[in-house]
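*Asks:* Data file entry26.txt (compact mmCIF, C-alpha atoms) is appended below.
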```txt
# COMPACT_ATOMS: atom_id res chain seq x y z
CA MET E 1 10.10 15.69 -7.22
CA VAL E 2 8.86 13.87 -4.14
CA GLU E 3 5.38 12.32 -4.21
CA ILE E 4 3.69 10.86 -1.14
CA GLU E 5 1.26 8.08 -1.92
CA CYS E 6 -1.02 6.22 0.46
CA LEU E 7 -2.32 2.79 -0.54
CA LEU E 8 -5.53 2.47 1.41
CA ASN E 9 -6.39 -1.02 2.67
CA ILE E 10 -9.42 -1.80 4.75
CA LYS E 11 -9.50 -4.95 6.83
CA LYS E 12 -12.55 -6.57 8.35
CA ASP E 13 -12.06 -8.94 11.28
CA GLY E 14 -8.37 -9.14 10.36
CA GLN E 15 -9.06 -10.14 6.75
CA ASN E 16 -8.33 -8.09 3.62
CA TYR E 17 -11.60 -6.46 2.61
CA LEU E 18 -10.84 -3.49 0.36
CA ASN E 19 -7.68 -2.34 -1.40
CA PRO E 20 -6.90 -0.09 -4.39
CA ALA E 21 -7.10 -2.97 -6.93
CA LYS E 22 -10.51 -4.10 -5.64
CA ILE E 23 -11.82 -0.54 -5.81
CA ILE E 24 -10.66 -0.18 -9.44
CA LEU E 25 -12.34 -3.51 -10.23
CA LEU E 26 -15.63 -2.35 -8.65
CA GLN E 27 -15.49 0.93 -10.59
CA LYS E 28 -14.90 -0.94 -13.86
CA ILE E 29 -17.77 -3.36 -13.20
CA ALA E 30 -20.05 -0.40 -12.46
CA ARG E 31 -19.04 1.20 -15.78
CA LEU E 32 -18.92 -1.91 -17.99
CA GLY E 33 -21.68 -4.06 -16.45
CA SER E 34 -19.48 -7.12 -16.87
CA LEU E 35 -16.91 -8.89 -14.72
CA ARG E 36 -15.23 -10.36 -17.78
CA SER E 37 -14.77 -6.94 -19.45
CA ALA E 38 -13.58 -5.42 -16.16
CA ALA E 39 -11.00 -8.22 -15.69
CA LYS E 40 -9.83 -7.76 -19.29
CA GLU E 41 -9.31 -4.02 -18.81
CA MET E 42 -7.31 -4.71 -15.64
CA GLU E 43 -5.26 -7.36 -17.45
CA ILE E 44 -6.09 -9.98 -14.82
CA SER E 45 -7.80 -13.35 -15.29
CA TYR E 46 -11.55 -13.73 -14.89
CA GLN E 47 -10.86 -16.18 -12.05
CA HIS E 48 -8.63 -13.70 -10.22
CA ALA E 49 -11.25 -10.95 -10.62
CA TRP E 50 -13.96 -13.25 -9.34
CA ASN E 51 -11.84 -14.24 -6.33
CA MET E 52 -11.43 -10.55 -5.45
CA ILE E 53 -15.20 -10.02 -5.67
CA ASP E 54 -15.93 -13.21 -3.75
CA GLU E 55 -13.60 -12.14 -0.93
CA MET E 56 -15.44 -8.81 -0.62
CA ASN E 57 -18.91 -10.36 -0.87
CA ARG E 58 -18.13 -12.91 1.86
CA LEU E 59 -16.89 -10.25 4.29
CA ALA E 60 -19.70 -7.77 3.68
CA PRO E 61 -23.17 -7.95 5.23
CA GLU E 62 -24.60 -7.70 1.68
CA PRO E 63 -22.94 -8.53 -1.67
CA LEU E 64 -21.11 -5.64 -3.34
CA VAL E 65 -21.39 -7.24 -6.79
CA ILE E 66 -24.32 -9.18 -8.21
CA LYS E 67 -23.70 -11.61 -11.05
CA GLN E 68 -26.41 -12.17 -13.63
CA ARG E 69 -25.94 -15.64 -15.06
CA GLY E 70 -27.01 -16.70 -18.56
CA GLY E 71 -29.19 -14.62 -20.87
CA THR E 72 -28.45 -13.66 -24.45
CA THR E 73 -25.34 -11.65 -23.51
CA GLY E 74 -23.82 -14.55 -21.54
CA GLY E 75 -24.41 -12.91 -18.17
CA GLY E 76 -23.26 -9.67 -16.65
CA ALA E 77 -22.37 -8.21 -13.30
CA SER E 78 -23.46 -5.09 -11.51
CA VAL E 79 -22.42 -3.21 -8.41
CA SER E 80 -25.22 -3.32 -5.81
CA SER E 81 -26.43 -0.21 -4.03
CA TYR E 82 -24.49 -1.46 -1.00
CA GLY E 83 -21.39 -1.72 -3.23
CA SER E 84 -21.92 1.86 -4.44
CA LYS E 85 -22.15 3.01 -0.82
CA ILE E 86 -18.84 1.27 -0.02
CA LEU E 87 -17.19 2.81 -3.11
CA ASN E 88 -18.35 6.20 -1.92
CA GLU E 89 -17.09 5.67 1.66
CA TYR E 90 -13.70 4.44 0.42
CA SER E 91 -13.44 7.53 -1.77
CA ILE E 92 -14.27 9.83 1.18
CA ILE E 93 -11.55 8.20 3.32
CA LYS E 94 -9.06 8.46 0.43
CA GLN E 95 -9.87 12.15 -0.02
CA GLN E 96 -9.28 12.86 3.66
CA LEU E 97 -5.92 11.05 3.57
CA ASP E 98 -4.94 12.92 0.39
CA LYS E 99 -5.84 16.18 2.11
CA THR E 100 -3.50 15.27 5.00
CA ILE E 101 -0.79 14.29 2.49
CA ASN E 102 -1.07 17.65 0.73
CA GLN E 103 -0.59 19.43 4.05
CA ILE E 104 2.46 17.26 4.88
CA LYS E 105 4.16 18.08 1.58
CA VAL E 106 4.37 21.69 2.58
CA GLU E 107 5.95 20.88 5.95
CA ILE E 108 8.46 18.18 5.06
CA GLY E 109 11.06 18.28 2.33
CA MET E 110 13.20 15.20 1.74
CA MET G 111 -14.02 -4.96 13.35
CA VAL G 112 -12.97 -2.59 10.59
CA GLU G 113 -9.35 -1.46 10.41
CA ILE G 114 -8.14 1.25 8.06
CA GLU G 115 -4.52 0.86 7.01
CA CYS G 116 -2.41 3.17 4.89
CA LEU G 117 0.66 1.78 3.13
CA LEU G 118 2.86 4.81 2.73
CA ASN G 119 4.96 4.94 -0.45
CA ILE G 120 7.21 7.83 -1.32
CA LYS G 121 8.28 8.34 -4.91
CA LYS G 122 11.13 10.46 -6.13
CA ASP G 123 11.10 11.65 -9.74
CA GLY G 124 8.46 9.00 -10.47
CA GLN G 125 10.57 6.14 -9.05
CA ASN G 126 9.83 4.08 -5.93
CA TYR G 127 11.96 5.53 -3.15
CA LEU G 128 10.49 4.46 0.20
CA ASN G 129 7.83 1.93 1.16
CA PRO G 130 6.94 0.02 4.34
CA ALA G 131 9.28 -2.93 3.55
CA LYS G 132 12.26 -0.62 2.92
CA ILE G 133 11.59 1.20 6.19
CA ILE G 134 11.50 -2.09 8.14
CA LEU G 135 14.78 -3.08 6.45
CA LEU G 136 16.42 0.22 7.44
CA GLN G 137 15.21 -0.17 11.03
CA LYS G 138 16.60 -3.70 11.21
CA ILE G 139 19.98 -2.63 9.77
CA ALA G 140 20.14 0.18 12.35
CA ARG G 141 19.44 -2.33 15.12
CA LEU G 142 21.55 -5.27 13.88
CA GLY G 143 24.42 -3.47 12.13
CA SER G 144 24.30 -6.04 9.35
CA LEU G 145 22.49 -6.28 6.04
CA ARG G 146 22.72 -10.07 6.09
CA SER G 147 21.11 -10.35 9.54
CA ALA G 148 18.44 -7.81 8.58
CA ALA G 149 17.61 -9.76 5.39
CA LYS G 150 17.45 -13.00 7.39
CA GLU G 151 15.00 -11.51 9.89
CA MET G 152 12.80 -10.29 7.03
CA GLU G 153 13.00 -13.71 5.36
CA ILE G 154 14.22 -12.19 2.10
CA SER G 155 17.45 -12.92 0.21
CA TYR G 156 20.58 -10.87 0.79
CA GLN G 157 20.44 -9.87 -2.88
CA HIS G 158 16.85 -8.66 -2.60
CA ALA G 159 17.72 -6.66 0.52
CA TRP G 160 20.73 -5.13 -1.19
CA ASN G 161 18.63 -4.21 -4.25
CA MET G 162 16.20 -2.36 -1.96
CA ILE G 163 19.06 -0.45 -0.33
CA ASP G 164 20.73 0.25 -3.68
CA GLU G 165 17.46 1.67 -5.07
CA MET G 166 17.21 4.07 -2.10
CA ASN G 167 20.88 5.05 -2.16
CA ARG G 168 20.73 5.85 -5.90
CA LEU G 169 17.70 8.11 -5.53
CA ALA G 170 18.92 9.95 -2.42
CA PRO G 171 21.39 12.85 -2.41
CA GLU G 172 23.44 10.85 0.15
CA PRO G 173 23.48 7.11 0.87
CA LEU G 174 21.01 5.94 3.52
CA VAL G 175 23.04 2.80 4.24
CA ILE G 176 26.80 2.44 4.33
CA LYS G 177 28.34 -0.98 3.81
CA GLN G 178 31.55 -1.87 5.59
CA ARG G 179 33.30 -4.48 3.52
CA GLY G 180 35.69 -7.11 4.93
CA GLY G 181 37.07 -7.10 8.46
CA THR G 182 37.01 -9.94 10.96
CA THR G 183 33.19 -10.05 11.06
CA GLY G 184 32.87 -10.29 7.28
CA GLY G 185 31.59 -6.72 6.91
CA GLY G 186 28.61 -4.91 8.31
CA ALA G 187 26.19 -2.18 7.36
CA SER G 188 25.00 0.92 9.12
CA VAL G 189 22.32 3.52 8.59
CA SER G 190 23.90 6.92 7.88
CA SER G 191 22.82 10.06 9.70
CA TYR G 192 20.99 10.99 6.49
CA GLY G 193 19.24 7.60 6.61
CA SER G 194 18.22 8.24 10.23
CA LYS G 195 16.79 11.59 9.21
CA ILE G 196 14.75 9.93 6.45
CA LEU G 197 13.50 7.24 8.89
CA ASN G 198 12.39 10.00 11.21
CA GLU G 199 10.62 11.97 8.47
CA TYR G 200 8.82 8.86 7.21
CA SER G 201 7.68 8.14 10.76
CA ILE G 202 6.34 11.71 11.18
CA ILE G 203 4.34 11.42 7.93
CA LYS G 204 3.01 8.00 9.00
CA GLN G 205 1.95 9.40 12.38
CA GLN G 206 0.05 12.24 10.73
CA LEU G 207 -1.75 9.83 8.41
CA ASP G 208 -2.58 7.53 11.33
CA LYS G 209 -3.98 10.52 13.20
CA THR G 210 -6.25 11.26 10.21
CA ILE G 211 -7.25 7.59 10.05
CA ASN G 212 -8.20 7.58 13.72
CA GLN G 213 -10.44 10.58 13.15
CA ILE G 214 -12.07 8.91 10.11
CA LYS G 215 -12.94 5.76 12.08
CA VAL G 216 -15.20 7.78 14.30
CA GLU G 217 -17.02 9.34 11.36
CA ILE G 218 -17.48 6.39 9.03
CA GLY G 219 -18.85 2.97 9.86
CA MET G 220 -18.88 0.30 7.16
```
Could you quickly redo this structure as structure tokens?
*Replies:*
Amino acid sequence: MVEIECLLNIKKDGQNYLNPAKIILLQKIARLGSLRSAAKEMEISYQHAWNMIDEMNRLAPEPLVIKQRGGTTGGGASVSSYGSKILNEYSIIKQQLDKTINQIKVEIGM
Amino acid sequence: MVEIECLLNIKKDGQNYLNPAKIILLQKIARLGSLRSAAKEMEISYQHAWNMIDEMNRLAPEPLVIKQRGGTTGGGASVSSYGSKILNEYSIIKQQLDKTINQIKVEIGM
């Protein structure tokens, strides 16, 4: 069985802004409310996860993720409303590409 | 400036069959007639290049690359007519996805 897969990357001013791993990380932060828990679920280091977030936040006009330092729970992280908007736009683009891919499958057999 | 990029991977029976690096390698072999020269241009080892070719050849009904061993030039490699067909099909799929991407750019601003 042949499967066509499109890894969607979005660049901003030539720099890597969004990619599938970053999107999964954002989704996990939104669900778990914690960068540490999200990194753990992705089996990546906290530092690596933070670098991914930092890269996005620096390129965006507003931060996609907001860190809450300190507090009784040792701090958490949340996806901003701007971040949610970006997640939604990425998902719309992905859906349109997947729609094109589904049409291609019918036309081309390898 | 926002650029949307789709890295096109094609899987066969759940295994990685084609990806952008393999396509570039095939194109270079077709142009240079040598796996060694193609690997050198891609700045990857001969072994790595051969592993990529071997992975494709094993998954395909016919080999995409044919190695010519020995001879005065120390052996060469060529892309088979089946390989050329696959290159062409990959390019058609890529073009269709790029067409979709160009339409998306107009609709969505990040």
*Asks:* For the contact check between chain E and chain G, emit one row per residue of chain E within 10 Å, containing the shortest atom pair and the distance in Å rounded to one decimal, counting only C-alpha atoms, chain then rising number order, as a tab-separated table.
*Replies:*
```
residue	atom	partner	partner_atom	distance
E:Met1	CA	G:Asp123	CA	4.9
E:Val2	CA	G:Lys122	CA	4.6
E:Glu3	CA	G:Lys121	CA	5.0
E:Ile4	CA	G:Ile120	CA	4.6
E:Glu5	CA	G:Asn119	CA	5.1
E:Cys6	CA	G:Leu118	CA	4.7
E:Leu7	CA	G:Leu117	CA	4.8
E:Leu8	CA	G:Cys116	CA	4.7
E:Asn9	CA	G:Glu115	CA	5.1
E:Ile10	CA	G:Ile114	CA	4.7
E:Lys11	CA	G:Glu113	CA	5.0
E:Lys12	CA	G:Val112	CA	4.6
E:Asp13	CA	G:Met111	CA	4.9
E:Gly14	CA	G:Met111	CA	7.6
E:Gln15	CA	G:Val112	CA	9.3
E:Asn16	CA	G:Glu113	CA	9.5
E:Tyr17	CA	G:Val112	CA	9.0
E:Leu18	CA	G:Ile114	CA	9.4
E:Asn19	CA	G:Glu115	CA	9.5
E:Ala60	CA	G:Met220	CA	8.8
E:Pro61	CA	G:Met220	CA	9.5
E:Lys85	CA	G:Met220	CA	9.0
E:Ile86	CA	G:Met220	CA	7.2
E:Glu89	CA	G:Ile218	CA	7.4
E:Tyr90	CA	G:Met220	CA	9.5
E:Ile92	CA	G:Ile218	CA	9.2
E:Ile93	CA	G:Ile214	CA	6.8
E:Lys94	CA	G:Cys116	CA	9.6
E:Gln96	CA	G:Thr210	CA	7.4
E:Leu97	CA	G:Leu207	CA	6.5
E:Asp98	CA	G:Leu207	CA	9.2
E:Lys99	CA	G:Thr210	CA	9.5
E:Thr100	CA	G:Leu207	CA	6.7
E:Ile101	CA	G:Leu207	CA	7.5
E:Gln103	CA	G:Gln206	CA	9.8
E:Ile104	CA	G:Ile203	CA	6.9
E:Lys105	CA	G:Ile203	CA	9.2
E:Glu107	CA	G:Ile203	CA	9.8
E:Ile108	CA	G:Glu199	CA	7.4
E:Gly109	CA	G:Glu199	CA	8.8
E:Met110	CA	G:Ile196	CA	7.2
```
*Asks:* Rounded to one decimal in Å, what is the spacing between atom CA of E:Ser84 and atom CA of E:Gln27?
*Replies:*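 So the two atoms, atom CA of E:Ser84 and atom CA of E:Gln27, lie 8.9 Å apart.
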*Asks:* Write out as an NGL selection string the residues lying within 9 Å of G:Gly193, counting all atoms listed in the file and excluding same-chain residues fewer than 6 positions away.
*Replies:* :G and (136 or 172-175)
*Asks:* Using all atoms listed in the file, determine which residues lie at most 9 Å from G:Ala159, disregarding the query and same-chain residues fewer than 2 positions distant; provide the list as a list of chain:residue names.
*Replies:*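 Residues near the query, excluding close chain neighbours: G:Lys132, G:Leu135, G:Leu145, G:Arg146, G:Ala148, G:Ala149, G:Met152, G:Ile154, G:Ser155, G:Tyr156, G:Gln157, G:Asn161, G:Met162, G:Ile163, G:Asp164.
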*Asks:* Grab the atom CA of G:Leu197 to atom CA of G:Arg141 distance for me, in Å with one decimal place.
*Replies:* 12.9 Å
*Asks:* Could you jot down the atom CA of G:Asn212 to atom CA of G:Ala140 separation for me, Å, one decimal place?
*Replies:* 29.3 Å
*Asks:* Could you put an axis-aligned box around every listed atom of stretch 130-133 of chain G, padded by 6 Å on each side, and send me its centre and edge lengths in Å to one decimal, as lines of an AutoDock Vina configuration file?
*Replies:*
```
center_x = 9.6
center_y = -0.9
center_z = 4.6
size_x = 17.3
size_y = 16.1
size_z = 15.3
```
*Asks:* Is there a way to complete stretch 6-26 of chain E with N, CA and C atoms and then write that out as a PDB file, in the coordinates of the input?
*Replies:*
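Dumped everything to out-v3.pdb:
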```
ATOM      1  N   CYS E   6      -0.495   7.089  -0.589  1.00  0.00           N
ATOM      2  CA  CYS E   6      -1.020   6.220   0.460  1.00  0.00           C
ATOM      3  C   CYS E   6      -1.891   5.147  -0.179  1.00  0.00           C
ATOM      4  N   LEU E   7      -1.494   3.881  -0.048  1.00  0.00           N
ATOM      5  CA  LEU E   7      -2.320   2.790  -0.540  1.00  0.00           C
ATOM      6  C   LEU E   7      -3.270   2.393   0.585  1.00  0.00           C
ATOM      7  N   LEU E   8      -4.534   2.643   0.361  1.00  0.00           N
ATOM      8  CA  LEU E   8      -5.530   2.470   1.410  1.00  0.00           C
ATOM      9  C   LEU E   8      -6.108   1.049   1.411  1.00  0.00           C
ATOM     10  N   ASN E   9      -5.835   0.328   2.490  1.00  0.00           N
ATOM     11  CA  ASN E   9      -6.390  -1.020   2.670  1.00  0.00           C
ATOM     12  C   ASN E   9      -7.373  -0.999   3.825  1.00  0.00           C
ATOM     13  N   ILE E  10      -8.468  -1.688   3.648  1.00  0.00           N
ATOM     14  CA  ILE E  10      -9.420  -1.800   4.750  1.00  0.00           C
ATOM     15  C   ILE E  10      -9.609  -3.268   5.095  1.00  0.00           C
ATOM     16  N   LYS E  11      -9.370  -3.573   6.361  1.00  0.00           N
ATOM     17  CA  LYS E  11      -9.500  -4.950   6.830  1.00  0.00           C
ATOM     18  C   LYS E  11     -10.789  -5.094   7.630  1.00  0.00           C
ATOM     19  N   LYS E  12     -11.338  -6.273   7.571  1.00  0.00           N
ATOM     20  CA  LYS E  12     -12.550  -6.570   8.350  1.00  0.00           C
ATOM     21  C   LYS E  12     -12.269  -7.852   9.117  1.00  0.00           C
ATOM     22  N   ASP E  13     -12.371  -7.786  10.428  1.00  0.00           N
ATOM     23  CA  ASP E  13     -12.060  -8.940  11.280  1.00  0.00           C
ATOM     24  C   ASP E  13     -10.705  -9.548  10.907  1.00  0.00           C
ATOM     25  N   GLY E  14      -9.738  -8.694  10.657  1.00  0.00           N
ATOM     26  CA  GLY E  14      -8.370  -9.140  10.360  1.00  0.00           C
ATOM     27  C   GLY E  14      -8.161  -9.635   8.935  1.00  0.00           C
ATOM     28  N   GLN E  15      -9.215  -9.668   8.129  1.00  0.00           N
ATOM     29  CA  GLN E  15      -9.060 -10.140   6.750  1.00  0.00           C
ATOM     30  C   GLN E  15      -9.094  -8.983   5.761  1.00  0.00           C
ATOM     31  N   ASN E  16      -8.385  -9.139   4.633  1.00  0.00           N
ATOM     32  CA  ASN E  16      -8.330  -8.090   3.620  1.00  0.00           C
ATOM     33  C   ASN E  16      -9.703  -7.912   2.973  1.00  0.00           C
ATOM     34  N   TYR E  17     -10.256  -6.723   3.135  1.00  0.00           N
ATOM     35  CA  TYR E  17     -11.600  -6.460   2.610  1.00  0.00           C
ATOM     36  C   TYR E  17     -11.510  -5.588   1.350  1.00  0.00           C
ATOM     37  N   LEU E  18     -10.953  -4.405   1.505  1.00  0.00           N
ATOM     38  CA  LEU E  18     -10.840  -3.490   0.360  1.00  0.00           C
ATOM     39  C   LEU E  18      -9.397  -3.039   0.180  1.00  0.00           C
ATOM     40  N   ASN E  19      -9.000  -2.905  -1.078  1.00  0.00           N
ATOM     41  CA  ASN E  19      -7.680  -2.340  -1.400  1.00  0.00           C
ATOM     42  C   ASN E  19      -7.795  -1.606  -2.738  1.00  0.00           C
ATOM     43  N   PRO E  20      -6.767  -0.881  -3.157  1.00  0.00           N
ATOM     44  CA  PRO E  20      -6.900  -0.090  -4.390  1.00  0.00           C
ATOM     45  C   PRO E  20      -7.303  -0.925  -5.610  1.00  0.00           C
ATOM     46  N   ALA E  21      -6.773  -2.136  -5.763  1.00  0.00           N
ATOM     47  CA  ALA E  21      -7.100  -2.970  -6.930  1.00  0.00           C
ATOM     48  C   ALA E  21      -8.582  -3.366  -6.920  1.00  0.00           C
ATOM     49  N   LYS E  22      -9.097  -3.712  -5.737  1.00  0.00           N
ATOM     50  CA  LYS E  22     -10.510  -4.100  -5.640  1.00  0.00           C
ATOM     51  C   LYS E  22     -11.422  -2.918  -5.966  1.00  0.00           C
ATOM     52  N   ILE E  23     -11.015  -1.739  -5.536  1.00  0.00           N
ATOM     53  CA  ILE E  23     -11.820  -0.540  -5.810  1.00  0.00           C
ATOM     54  C   ILE E  23     -11.852  -0.261  -7.314  1.00  0.00           C
ATOM     55  N   ILE E  24     -10.707  -0.381  -7.983  1.00  0.00           N
ATOM     56  CA  ILE E  24     -10.660  -0.180  -9.440  1.00  0.00           C
ATOM     57  C   ILE E  24     -11.567  -1.211 -10.127  1.00  0.00           C
ATOM     58  N   LEU E  25     -11.503  -2.454  -9.655  1.00  0.00           N
ATOM     59  CA  LEU E  25     -12.340  -3.510 -10.230  1.00  0.00           C
ATOM     60  C   LEU E  25     -13.828  -3.170 -10.080  1.00  0.00           C
ATOM     61  N   LEU E  26     -14.230  -2.736  -8.883  1.00  0.00           N
ATOM     62  CA  LEU E  26     -15.630  -2.350  -8.650  1.00  0.00           C
ATOM     63  C   LEU E  26     -16.051  -1.211  -9.583  1.00  0.00           C
TER      64      LEU E  26
END
```
